[in-house]
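Chemist: File name work_8.txt; file contents compact mmCIF, C-alpha atoms and all ligand atoms; full text below.
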```txt
# COMPACT_ATOMS: atom_id res chain seq x y z
CA VAL B 136 77.25 139.71 177.56
CA ARG B 137 78.09 139.16 173.91
CA LEU B 138 81.84 138.77 173.50
CA THR B 139 82.07 138.23 169.74
CA ARG B 140 80.85 140.02 166.64
CA ALA B 141 77.69 138.41 165.30
CA ASP B 142 78.84 138.91 161.70
CA LEU B 143 81.78 136.57 162.34
CA ASP B 144 79.65 133.62 163.48
CA ALA B 145 79.49 132.05 160.03
CA LEU B 146 83.18 132.58 159.29
CA PRO B 147 85.18 129.32 159.03
CA ASN B 148 88.21 128.96 161.29
CA TYR B 149 91.69 128.82 159.77
CA VAL B 150 92.41 125.09 160.12
CA PRO B 151 96.06 124.31 160.82
CA GLY B 152 95.44 120.56 160.44
CA ARG B 153 95.93 117.89 163.04
CA SER B 154 99.07 117.32 165.01
CA PRO B 155 101.43 114.56 163.81
CA ALA B 156 102.13 113.61 167.46
CA ASP B 157 98.41 113.02 168.13
CA LEU B 158 97.97 110.96 164.97
CA ALA B 159 101.08 108.86 165.69
CA ARG B 160 99.77 108.15 169.20
CA GLU B 161 96.35 107.22 167.86
CA LEU B 162 97.79 104.85 165.26
CA GLY B 163 100.49 103.45 167.59
CA LEU B 164 103.23 104.54 165.15
CA PRO B 165 106.63 106.02 166.11
CA GLU B 166 105.75 109.07 164.04
CA ALA B 167 103.28 110.45 161.53
CA ILE B 168 104.15 112.34 158.35
CA LYS B 169 102.85 115.90 157.98
CA LEU B 170 102.34 117.03 154.40
CA ALA B 171 99.68 119.58 155.26
CA SER B 172 101.24 123.04 155.72
CA ASN B 173 103.61 123.54 152.78
CA GLU B 174 106.71 123.54 154.95
CA VAL B 175 110.09 122.47 153.54
CA PRO B 176 111.20 119.21 155.23
CA TYR B 177 114.94 119.77 155.64
CA GLY B 178 115.13 121.63 158.97
CA PRO B 179 116.36 125.19 159.57
CA LEU B 180 119.08 126.51 157.24
CA PRO B 181 122.65 126.36 158.64
CA GLY B 182 123.36 129.13 161.16
CA VAL B 183 119.71 129.93 161.90
CA VAL B 184 119.47 128.08 165.21
CA GLU B 185 122.71 129.71 166.44
CA ALA B 186 121.54 133.18 165.38
CA VAL B 187 118.22 132.76 167.18
CA ALA B 188 120.01 131.47 170.30
CA GLU B 189 122.33 134.47 170.22
CA ALA B 190 119.38 136.84 169.87
CA ALA B 191 117.81 135.18 172.91
CA ALA B 192 120.39 136.88 175.16
CA GLY B 193 118.71 140.22 174.43
CA VAL B 194 115.06 139.31 174.76
CA HIS B 195 114.48 141.42 177.88
CA ARG B 196 114.54 144.37 175.40
CA TYR B 197 112.10 145.14 172.61
CA PRO B 198 113.23 144.30 169.08
CA ASP B 199 114.25 146.97 166.57
CA MET B 200 110.87 148.25 165.44
CA GLY B 201 112.48 149.80 162.37
CA VAL B 202 113.80 146.34 161.40
CA VAL B 203 116.76 148.22 159.92
CA ALA B 204 119.30 145.42 159.44
CA LEU B 205 116.82 142.95 157.99
CA ARG B 206 115.19 145.47 155.67
CA GLN B 207 118.65 146.42 154.43
CA ALA B 208 119.55 142.75 153.81
CA LEU B 209 116.29 142.26 151.91
CA ALA B 210 116.89 145.47 149.97
CA ASP B 211 120.37 144.22 148.98
CA ARG B 212 119.10 140.81 147.92
CA TYR B 213 116.14 142.05 145.90
CA GLY B 214 117.66 145.25 144.54
CA VAL B 215 115.12 147.72 145.98
CA ASP B 216 115.36 150.63 148.39
CA PRO B 217 114.72 149.68 152.07
CA ASP B 218 111.99 152.37 152.14
CA ARG B 219 109.96 150.11 149.93
CA ILE B 220 110.07 147.16 152.33
CA ALA B 221 107.88 146.42 155.33
CA THR B 222 108.14 143.27 157.46
CA GLY B 223 105.51 141.58 159.57
CA CYS B 224 104.53 138.57 161.63
CA GLY B 225 104.31 136.32 158.56
CA SER B 226 103.11 137.50 155.18
CA VAL B 227 99.58 136.68 156.29
CA ALA B 228 99.83 139.53 158.81
CA LEU B 229 101.07 141.85 156.05
CA ALA B 230 98.08 140.91 153.88
CA GLU B 231 95.89 141.88 156.83
CA HIS B 232 97.74 145.16 157.30
CA LEU B 233 97.31 145.97 153.61
CA VAL B 234 93.56 145.43 153.89
CA ARG B 235 93.52 147.55 157.05
CA ALA B 236 95.46 150.27 155.24
CA THR B 237 93.23 150.30 152.15
CA CYS B 238 89.69 149.12 152.96
CA LEU B 239 86.99 150.79 154.99
CA PRO B 240 83.90 148.75 155.96
CA GLY B 241 81.95 148.01 152.79
CA ASP B 242 84.92 148.38 150.47
CA GLU B 243 85.46 145.40 148.22
CA LEU B 244 88.38 142.99 148.20
CA VAL B 245 88.54 140.84 145.06
CA TYR B 246 90.31 137.48 145.00
CA ALA B 247 90.15 134.15 143.21
CA TRP B 248 88.41 131.21 144.78
CA ARG B 249 89.61 128.76 145.65
CA SER B 250 92.74 130.43 146.93
CA PHE B 251 94.50 130.93 150.27
CA GLU B 252 92.00 130.23 153.04
CA ALA B 253 93.15 133.20 155.11
CA TYR B 254 91.83 135.72 152.54
CA PRO B 255 88.12 135.47 153.49
CA ILE B 256 89.04 135.66 157.18
CA ILE B 257 91.17 138.76 156.64
CA ALA B 258 88.42 140.43 154.63
CA ALA B 259 85.70 139.68 157.16
CA THR B 260 87.68 140.68 160.23
CA SER B 261 88.68 143.95 158.56
CA GLY B 262 85.10 144.77 157.60
CA ALA B 263 85.84 144.55 153.87
CA THR B 264 83.44 142.77 151.53
CA SER B 265 84.84 139.63 149.87
CA VAL B 266 84.28 139.31 146.13
CA LYS B 267 85.30 135.75 145.25
CA VAL B 268 85.89 135.05 141.57
CA PRO B 269 85.71 131.33 140.66
CA ASN B 270 88.87 129.75 139.25
CA ASP B 271 88.90 128.69 135.61
CA ALA B 272 88.55 125.07 134.45
CA GLY B 273 92.30 124.54 134.88
CA HIS B 274 92.07 125.48 138.62
CA GLY B 275 93.91 128.80 138.06
CA HIS B 276 92.89 132.45 138.45
CA ASP B 277 90.42 133.73 135.85
CA LEU B 278 92.06 137.13 135.46
CA ALA B 279 89.54 138.42 132.91
CA ALA B 280 86.70 137.68 135.33
CA MET B 281 88.69 139.20 138.21
CA ALA B 282 89.24 142.43 136.25
CA ALA B 283 85.54 142.44 135.34
CA ALA B 284 84.61 142.09 139.03
CA VAL B 285 86.21 145.46 139.89
CA THR B 286 83.67 148.14 140.85
CA ASP B 287 83.93 151.66 142.25
CA GLN B 288 83.99 150.02 145.71
CA THR B 289 86.99 147.79 144.95
CA ARG B 290 90.07 148.88 146.89
CA MET B 291 92.28 145.82 146.63
CA ILE B 292 92.77 142.66 144.54
CA LEU B 293 94.72 139.67 145.85
CA VAL B 294 96.53 137.64 143.19
CA CYS B 295 98.09 134.46 144.57
CA ASN B 296 100.93 133.36 142.28
CA PRO B 297 101.51 130.41 142.40
CA ASN B 298 98.06 129.82 143.80
CA ASN B 299 97.56 128.07 147.12
CA PRO B 300 96.08 125.39 147.13
CA THR B 301 96.01 124.52 143.41
CA GLY B 302 99.70 125.22 142.57
CA THR B 303 98.79 126.86 139.26
CA ALA B 304 100.73 129.93 138.14
CA LEU B 305 99.94 132.91 135.95
CA ARG B 306 102.13 133.73 132.97
CA ARG B 307 103.72 137.07 132.17
CA ALA B 308 101.48 138.02 129.22
CA GLU B 309 98.24 137.47 131.17
CA LEU B 310 99.48 139.29 134.25
CA ASP B 311 100.74 142.22 132.11
CA ARG B 312 97.32 142.56 130.48
CA PHE B 313 95.51 142.31 133.82
CA LEU B 314 97.65 144.98 135.47
CA ASP B 315 97.07 147.27 132.51
CA ASP B 316 93.29 146.72 132.83
CA VAL B 317 92.99 147.36 136.58
CA PRO B 318 92.27 150.99 137.56
CA ASP B 319 95.25 152.81 139.11
CA ASP B 320 93.44 153.45 142.40
CA VAL B 321 93.03 149.73 143.15
CA LEU B 322 95.95 148.09 144.95
CA VAL B 323 96.97 144.77 143.37
CA VAL B 324 98.70 142.54 145.90
CA ILE B 325 100.71 139.73 144.34
CA ASP B 326 101.11 137.06 147.02
CA GLU B 327 104.26 135.13 146.16
CA ALA B 328 104.62 132.88 149.19
CA TYR B 329 105.85 130.10 146.88
CA ARG B 330 107.95 132.12 144.42
CA GLU B 331 111.19 130.23 145.13
CA PHE B 332 109.68 126.98 143.78
CA VAL B 333 108.73 128.45 140.38
CA THR B 334 110.61 126.85 137.49
CA ASP B 335 108.52 127.96 134.47
CA PRO B 336 110.40 130.93 132.94
CA GLU B 337 107.08 132.32 131.65
CA VAL B 338 105.89 132.86 135.24
CA PRO B 339 107.01 136.41 136.06
CA ASP B 340 108.76 137.47 139.23
CA GLY B 341 106.22 139.79 140.89
CA LEU B 342 109.05 142.13 141.86
CA THR B 343 109.32 143.10 138.18
CA TYR B 344 105.91 144.77 138.66
CA ALA B 345 106.70 146.41 142.00
CA ASP B 346 107.65 149.72 140.36
CA ARG B 347 104.00 150.20 139.41
CA PRO B 348 102.34 152.58 141.88
CA ASN B 349 99.44 150.21 142.62
CA VAL B 350 101.32 146.91 143.05
CA ALA B 351 102.53 145.35 146.29
CA VAL B 352 104.39 142.03 146.40
CA LEU B 353 104.16 139.74 149.42
CA ARG B 354 106.91 137.26 150.22
CA THR B 355 107.47 135.01 153.18
CA LEU B 356 110.42 133.37 154.91
CA SER B 357 108.14 130.54 156.08
CA LYS B 358 108.40 128.27 153.08
CA ALA B 359 111.60 128.02 151.01
CA TRP B 360 113.63 129.80 153.70
CA GLY B 361 112.43 127.38 156.36
CA LEU B 362 111.33 129.86 159.05
CA ALA B 363 107.60 129.03 159.42
CA GLY B 364 107.87 128.86 163.21
CA LEU B 365 109.57 132.24 163.57
CA ARG B 366 106.78 134.15 161.75
CA ILE B 367 108.38 136.63 159.40
CA GLY B 368 107.37 137.89 155.97
CA PHE B 369 107.89 141.05 153.97
CA LEU B 370 106.39 143.17 151.27
CA VAL B 371 107.87 145.27 148.51
CA ALA B 372 105.81 148.19 147.23
CA GLN B 373 106.04 151.90 146.59
CA PRO B 374 107.38 153.83 149.63
CA GLN B 375 103.95 155.27 150.47
CA VAL B 376 102.35 151.79 150.54
CA ALA B 377 105.18 150.38 152.66
CA ALA B 378 104.89 153.40 154.97
CA ALA B 379 101.11 152.92 155.29
CA VAL B 380 101.69 149.32 156.32
CA ARG B 381 104.36 150.29 158.83
CA LYS B 382 101.79 152.71 160.29
CA VAL B 383 99.08 150.08 160.87
CA VAL B 384 101.42 147.27 161.89
CA THR B 385 101.00 145.86 165.39
CA PRO B 386 103.97 147.36 167.26
CA PHE B 387 107.06 145.12 167.48
CA SER B 388 105.46 142.29 165.51
CA SER B 389 108.75 141.32 163.82
CA SER B 390 110.29 139.69 166.87
CA MET B 391 113.98 139.75 167.80
CA ALA B 392 114.28 136.02 167.09
CA ALA B 393 112.52 136.42 163.73
CA GLN B 394 114.77 139.28 162.64
CA ALA B 395 117.94 137.41 163.67
CA GLY B 396 116.77 134.13 162.12
CA ALA B 397 115.80 135.83 158.87
CA LEU B 398 119.19 137.55 158.59
CA ALA B 399 120.95 134.22 159.12
CA ALA B 400 118.69 132.47 156.59
CA LEU B 401 119.26 135.14 153.93
CA ALA B 402 123.00 134.48 154.22
CA GLN B 403 122.29 130.89 153.09
CA ALA B 404 120.63 131.60 149.76
CA ASP B 405 122.65 128.93 147.91
CA GLU B 406 121.62 126.23 150.34
CA MET B 407 118.00 127.45 150.18
CA GLU B 408 118.11 127.10 146.38
CA ARG B 409 119.68 123.64 146.61
CA ARG B 410 116.84 122.50 148.88
CA CYS B 411 114.20 124.03 146.61
CA ALA B 412 115.66 122.09 143.67
CA LEU B 413 115.21 118.84 145.63
CA VAL B 414 111.60 119.78 146.36
CA VAL B 415 110.96 120.69 142.72
CA ALA B 416 112.39 117.36 141.47
CA GLU B 417 110.13 115.53 143.91
CA ARG B 418 107.15 117.68 142.87
CA GLU B 419 107.58 116.51 139.30
CA ARG B 420 107.97 112.86 140.34
CA VAL B 421 104.92 112.96 142.63
CA THR B 422 102.80 114.73 140.00
CA GLU B 423 103.64 112.11 137.40
CA ALA B 424 102.86 109.24 139.77
CA LEU B 425 99.59 110.83 140.88
CA ARG B 426 98.41 111.37 137.30
CA LYS B 427 98.25 107.58 136.90
CA LEU B 428 95.56 107.64 139.61
CA ILE B 429 93.97 111.05 138.95
CA PRO B 430 94.59 112.18 135.35
CA ASP B 431 93.63 115.85 135.88
CA VAL B 432 96.18 116.76 138.59
CA PRO B 433 97.25 120.27 137.50
CA ALA B 434 100.93 121.11 137.00
CA SER B 435 102.27 122.80 140.15
CA GLN B 436 104.79 125.63 140.42
CA ALA B 437 104.79 125.47 144.23
CA ASN B 438 105.91 122.95 146.88
CA PHE B 439 102.58 121.13 146.92
CA VAL B 440 100.22 119.43 144.51
CA TRP B 441 96.45 119.67 144.14
CA LEU B 442 94.20 116.65 143.75
CA PRO B 443 90.84 117.74 142.32
CA LEU B 444 88.86 114.95 144.00
CA GLY B 445 85.60 116.85 144.53
CA GLU B 446 83.26 114.94 146.86
CA ARG B 447 85.96 112.31 147.50
CA ALA B 448 88.35 114.85 149.10
CA LEU B 449 87.47 114.27 152.75
CA GLU B 450 87.42 110.49 152.42
CA PHE B 451 90.81 110.56 150.68
CA GLY B 452 92.23 112.71 153.48
CA LYS B 453 90.98 110.21 156.07
CA ALA B 454 92.43 107.28 154.11
CA CYS B 455 95.86 109.00 154.09
CA GLU B 456 95.63 109.69 157.83
CA ALA B 457 94.80 106.04 158.50
CA ARG B 458 98.21 105.31 156.92
CA GLY B 459 99.97 107.94 159.03
CA VAL B 460 100.11 110.72 156.41
CA ILE B 461 98.44 114.06 157.16
CA VAL B 462 97.35 115.95 154.04
CA ARG B 463 94.99 118.92 153.65
CA PRO B 464 91.52 118.11 152.32
CA PHE B 465 89.17 120.91 151.28
CA PRO B 466 85.78 119.19 151.60
CA GLY B 467 83.86 118.90 148.35
CA ASP B 468 86.72 120.37 146.36
CA GLY B 469 90.15 118.76 146.48
CA VAL B 470 93.18 117.80 148.54
CA ARG B 471 96.46 119.70 148.82
CA VAL B 472 99.56 117.64 149.51
CA THR B 473 102.88 119.23 150.45
CA ILE B 474 106.03 117.81 148.87
CA GLY B 475 108.20 116.27 151.59
CA THR B 476 111.36 114.16 151.55
CA PRO B 477 111.51 111.33 148.98
CA ALA B 478 110.65 108.80 151.73
CA GLU B 479 107.69 110.90 152.93
CA ASN B 480 106.44 111.26 149.37
CA ASP B 481 106.73 107.52 148.84
CA ALA B 482 104.63 106.92 151.96
CA PHE B 483 102.03 109.36 150.64
CA LEU B 484 102.01 107.77 147.17
CA ALA B 485 101.50 104.34 148.74
CA ALA B 486 98.56 105.74 150.73
CA ALA B 487 97.11 107.37 147.58
CA GLU B 488 97.47 104.12 145.64
CA ALA B 489 95.71 102.22 148.43
CA ALA B 490 92.90 104.79 148.53
CA LEU B 491 92.35 105.18 144.79
CA GLY B 492 94.22 102.41 142.96
N1 LIG B 501 100.22 133.45 151.35
C1 LIG B 501 100.00 132.22 150.93
C2 LIG B 501 99.50 132.01 149.56
C3 LIG B 501 100.21 131.13 151.79
O1 LIG B 501 99.94 129.90 151.37
C4 LIG B 501 100.69 131.36 153.09
C5 LIG B 501 100.95 130.25 154.07
N2 LIG B 501 100.12 129.19 154.05
C6 LIG B 501 100.91 132.67 153.45
C7 LIG B 501 100.67 133.70 152.58
C8 LIG B 501 101.33 133.05 154.82
O2 LIG B 501 102.57 132.66 155.16
P1 LIG B 501 103.26 133.27 156.46
O3 LIG B 501 102.23 134.04 157.23
O4 LIG B 501 103.76 132.09 157.18
O5 LIG B 501 104.32 134.15 155.93
```
With the file now loaded, output its structure as structure tokens.
Modeler:
Amino acid sequence: VRLTRADLDALPNYVPGRSPADLARELGLPEAIKLASNEVPYGPLPGVVEAVAEAAAGVHRYPDMGVVALRQALADRYGVDPDRIATGCGSVALAEHLVRATCLPGDELVYAWRSFEAYPIIAATSGATSVKVPNDAGHGHDLAAMAAAVTDQTRMILVCNPNNPTGTALRRAELDRFLDDVPDDVLVVIDEAYREFVTDPEVPDGLTYADRPNVAVLRTLSKAWGLAGLRIGFLVAQPQVAAAVRKVVTPFSSSMAAQAGALAALAQADEMERRCALVVAERERVTEALRKLIPDVPASQANFVWLPLGERALEFGKACEARGVIVRPFPGDGVRVTIGTPAENDAFLAAAEAALG
């Protein structure tokens, strides 16, 4: 009996990275430092744990499949009608739903490469054909080449802004031109998982484009809002796109705990912003320190930095692990390092200095 699809054999697995507990045990350390998944290091926002605990009393029932209260809170915060919002089990699930809603087998999905490692998996599992457009010399999206890659078969384009894993961000003028160039019947999905860490005023808020009929904006509560473990993200698009996603969504995939936790987190926007500012200050400090070792570290607008180490990426990752710091190497390409607390970043910088200095 063949239990898997042959066409998926060559597909790489999504690698969550190794467990800090395992590494600490292996090294005989009290704990290891994880700077591999772009989480914010300051714990859940105030009130989140209590809200999730309170929701736990009702878990013998299904959650609200309409996600009414949370969609309303998101609508209030972002100034859009709740009809234009869909939630899902992380924004990665929403990206998958969008592909499911737009692409038939053989249809083309265009995205930059390197970008978020889930994109090729989503394309392949949905039967869509991946069209990967190489990043430019500055490690950012080459929007002209992406627009040129559109064919009659293209149904969707994923734009990751800021880009995971390189941290680069597109500016307003280039994104305006790109959106004007793309045919109206191609859905442009702007993945803004890291939007809250953007400080460059020239980097546009994707929501300013969400009134266009062919734009959908993906956001997550996993990063700045500190809810990675609850699995909740949302999209803002035209009502018919949001409705199409709600149609293909796996039933009840925004759990009761996730809805309650997200509502509590959204009530703590000031604290979220305060924490993001700490991360941003550390991002600038870490970037400056790293550039003494690797001059071409690109400026990051996210909560991680990219080290374009090429063939040295894997070895560098191992050297950091040997010093108790887990980072994310992309073999042959580079290493992504999440910004942690100042002490965690110091431990990483010491490991980087030892590996490269
Ligand atoms: N988009 C990008 C660019 C990401 O980096 C991530 C998380 N690594 C996601 C989406 C998915 O986040 P989540 O599913 O946790 O919302």
Chemist: As an exercise, work out the distance from CA of Leu356 (chain B) to atom O5 of ligand LIG 501 (chain B) in Å and give it to one decimal place.
Modeler: 6.2 Å
Chemist: Using only C-alpha atoms, which residue out of B:Pro176, B:Gly341, B:Gly302, B:Gly452 lies closest to Asn480 (chain B)?
Modeler: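 Using only C-alpha atoms, Asn480 (chain B) sits closest to B:Pro176.
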Chemist: Quick one: residues within 6 Å of ligand LIG 501 (chain B), with all atoms listed in the file, as an MDAnalysis selection string?
Modeler: chainID B and resid 225:227 251 295 299 326 328 355 357 363 366:368
Chemist: Within 9 Å of region 429-440 of chain B, counting only C-alpha atoms, which residues qualify if same-chain residues fewer than 6 places away don't, as a PyMOL selection string?
Modeler: chain B and resi 170-171+173-175+273-274+296-304+328-335+338+358-359+411+414-415+418-419+421-423+470-475+491
Chemist: What's the 12 Å shell around region 183-199 of chain B, counting all atoms listed in the file, without same-chain residues fewer than 3 positions away, as a short mmCIF file (atom, residue, chain, number, x, y, z; two decimals) with C-alpha atoms, in the coordinates of the input?
Modeler:
```
data_model
loop_
_atom_site.label_atom_id
_atom_site.label_comp_id
_atom_site.auth_asym_id
_atom_site.auth_seq_id
_atom_site.Cartn_x
_atom_site.Cartn_y
_atom_site.Cartn_z
CA GLY B 178 115.13 121.63 158.97
CA PRO B 179 116.36 125.19 159.57
CA LEU B 180 119.08 126.51 157.24
CA VAL B 202 113.80 146.34 161.40
CA VAL B 203 116.76 148.22 159.92
CA ALA B 204 119.30 145.42 159.44
CA LEU B 205 116.82 142.95 157.99
CA ARG B 206 115.19 145.47 155.67
CA THR B 222 108.14 143.27 157.46
CA TRP B 360 113.63 129.80 153.70
CA GLY B 361 112.43 127.38 156.36
CA LEU B 362 111.33 129.86 159.05
CA GLY B 364 107.87 128.86 163.21
CA LEU B 365 109.57 132.24 163.57
CA PRO B 386 103.97 147.36 167.26
CA PHE B 387 107.06 145.12 167.48
CA SER B 388 105.46 142.29 165.51
CA SER B 389 108.75 141.32 163.82
CA SER B 390 110.29 139.69 166.87
CA MET B 391 113.98 139.75 167.80
CA ALA B 392 114.28 136.02 167.09
CA ALA B 393 112.52 136.42 163.73
CA GLN B 394 114.77 139.28 162.64
CA ALA B 395 117.94 137.41 163.67
CA GLY B 396 116.77 134.13 162.12
CA ALA B 397 115.80 135.83 158.87
CA LEU B 398 119.19 137.55 158.59
CA ALA B 399 120.95 134.22 159.12
CA ALA B 400 118.69 132.47 156.59
CA LEU B 401 119.26 135.14 153.93
CA ALA B 402 123.00 134.48 154.22
CA GLN B 403 122.29 130.89 153.09
#
```
Chemist: Could you pull the residues within 6 Å of Tyr246 (chain B), counting all atoms listed in the file, minus those fewer than 2 positions along the same chain, as a PyMOL selection string?
Modeler: chain B and resi 267+292-293
Chemist: Between CA of Gly459 (chain B) and CA of Arg426 (chain B), what is the spacing in Å?
Modeler: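 Computed distance, CA of Arg426 (chain B) to CA of Gly459 (chain B), equals 22.1 Å.
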Chemist: Please identify all polymer residues within 9 Å of Tyr149 (chain B), counting all atoms listed in the file, omitting same-chain residues fewer than 3 positions from it, and present them as an NGL selection string.
Modeler: :B and (252-253 or 256)
Chemist: Taking (98.1, 102.9, 149.1) in the file's coordinates, which residues come within 12 Å, counting only C-alpha atoms, written as a PyMOL selection string?
Modeler: chain B and resi 425+428+451+454-460+480-492
Chemist: Considering all atoms listed in the file, can you say which of B:Ala230, B:Arg212, B:Lys453, B:Val136 comes closest to Ala404 (chain B)?
Modeler: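 For Ala404 (chain B), the nearest of the candidates is B:Arg212.
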Chemist: How many Å separate CA of Tyr254 (chain B) from CA of Val294 (chain B)?
Modeler: 10.6 Å
Chemist: Nearest to Ala236 (chain B) among B:Val317, B:Ala308, B:Ala258, B:Val376, with distances taken over all atoms listed in the file: which residue is it?
Modeler: B:Val376
Chemist: Taking all atoms listed in the file into account, name the residue in B:Leu322, B:Arg137, B:Tyr177, B:Ala159 that is nearest to Val234 (chain B).
Modeler: B:Leu322
Chemist: Determine, counting all atoms listed in the file, which protein, DNA and RNA residues have an atom within 10 Å of an atom of Asp216 (chain B); residues of the same chain fewer than 2 positions away are not included. Present the result as a ChimeraX atom specification.
Modeler: /B:206-207,209-211,213-214,218-220,371-374
Chemist: Measuring atom to atom with only C-alpha atoms, identify which of B:Ile461, B:Ala416, B:Ala263, B:Val150 is nearest to Thr237 (chain B).
Modeler: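 Of the candidates, the smallest distance to Thr237 (chain B) is held by B:Ala263.
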Chemist: Please complete region 329-345 of chain B so it has N, CA and C atoms, and hand it over as a PDB file, in the coordinates of the input.
Modeler:
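Saved file result00.pdb follows:
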```pdb
ATOM      1  N   TYR B 329     105.175 131.285 147.433  1.00  0.00           N
ATOM      2  CA  TYR B 329     105.850 130.100 146.880  1.00  0.00           C
ATOM      3  C   TYR B 329     106.788 130.425 145.727  1.00  0.00           C
ATOM      4  N   ARG B 330     107.162 131.672 145.577  1.00  0.00           N
ATOM      5  CA  ARG B 330     107.950 132.120 144.420  1.00  0.00           C
ATOM      6  C   ARG B 330     109.212 131.278 144.200  1.00  0.00           C
ATOM      7  N   GLU B 331     109.888 130.901 145.274  1.00  0.00           N
ATOM      8  CA  GLU B 331     111.190 130.230 145.130  1.00  0.00           C
ATOM      9  C   GLU B 331     111.072 128.859 144.471  1.00  0.00           C
ATOM     10  N   PHE B 332     109.858 128.311 144.381  1.00  0.00           N
ATOM     11  CA  PHE B 332     109.680 126.980 143.780  1.00  0.00           C
ATOM     12  C   PHE B 332     109.297 127.063 142.297  1.00  0.00           C
ATOM     13  N   VAL B 333     109.149 128.280 141.779  1.00  0.00           N
ATOM     14  CA  VAL B 333     108.730 128.450 140.380  1.00  0.00           C
ATOM     15  C   VAL B 333     109.885 128.071 139.458  1.00  0.00           C
ATOM     16  N   THR B 334     109.583 127.237 138.460  1.00  0.00           N
ATOM     17  CA  THR B 334     110.610 126.850 137.490  1.00  0.00           C
ATOM     18  C   THR B 334     110.229 127.257 136.065  1.00  0.00           C
ATOM     19  N   ASP B 335     108.969 127.574 135.810  1.00  0.00           N
ATOM     20  CA  ASP B 335     108.520 127.960 134.470  1.00  0.00           C
ATOM     21  C   ASP B 335     108.999 129.390 134.198  1.00  0.00           C
ATOM     22  N   PRO B 336     109.875 129.574 133.188  1.00  0.00           N
ATOM     23  CA  PRO B 336     110.400 130.930 132.940  1.00  0.00           C
ATOM     24  C   PRO B 336     109.334 131.921 132.490  1.00  0.00           C
ATOM     25  N   GLU B 337     108.177 131.423 132.060  1.00  0.00           N
ATOM     26  CA  GLU B 337     107.080 132.320 131.650  1.00  0.00           C
ATOM     27  C   GLU B 337     106.319 132.891 132.850  1.00  0.00           C
ATOM     28  N   VAL B 338     106.566 132.345 134.044  1.00  0.00           N
ATOM     29  CA  VAL B 338     105.890 132.860 135.240  1.00  0.00           C
ATOM     30  C   VAL B 338     106.716 134.031 135.768  1.00  0.00           C
ATOM     31  N   PRO B 339     106.172 135.244 135.737  1.00  0.00           N
ATOM     32  CA  PRO B 339     107.010 136.410 136.060  1.00  0.00           C
ATOM     33  C   PRO B 339     107.275 136.548 137.552  1.00  0.00           C
ATOM     34  N   ASP B 340     108.437 137.084 137.860  1.00  0.00           N
ATOM     35  CA  ASP B 340     108.760 137.470 139.230  1.00  0.00           C
ATOM     36  C   ASP B 340     107.932 138.721 139.530  1.00  0.00           C
ATOM     37  N   GLY B 341     107.093 138.657 140.565  1.00  0.00           N
ATOM     38  CA  GLY B 341     106.220 139.790 140.890  1.00  0.00           C
ATOM     39  C   GLY B 341     107.000 141.077 141.129  1.00  0.00           C
ATOM     40  N   LEU B 342     108.257 140.931 141.568  1.00  0.00           N
ATOM     41  CA  LEU B 342     109.050 142.130 141.860  1.00  0.00           C
ATOM     42  C   LEU B 342     109.282 142.957 140.598  1.00  0.00           C
ATOM     43  N   THR B 343     109.161 142.325 139.414  1.00  0.00           N
ATOM     44  CA  THR B 343     109.320 143.100 138.180  1.00  0.00           C
ATOM     45  C   THR B 343     108.142 144.050 137.971  1.00  0.00           C
ATOM     46  N   TYR B 344     107.069 143.868 138.751  1.00  0.00           N
ATOM     47  CA  TYR B 344     105.910 144.770 138.660  1.00  0.00           C
ATOM     48  C   TYR B 344     105.889 145.784 139.805  1.00  0.00           C
ATOM     49  N   ALA B 345     106.808 145.636 140.762  1.00  0.00           N
ATOM     50  CA  ALA B 345     106.700 146.410 142.000  1.00  0.00           C
ATOM     51  C   ALA B 345     106.990 147.895 141.808  1.00  0.00           C
TER      52      ALA B 345
END
```
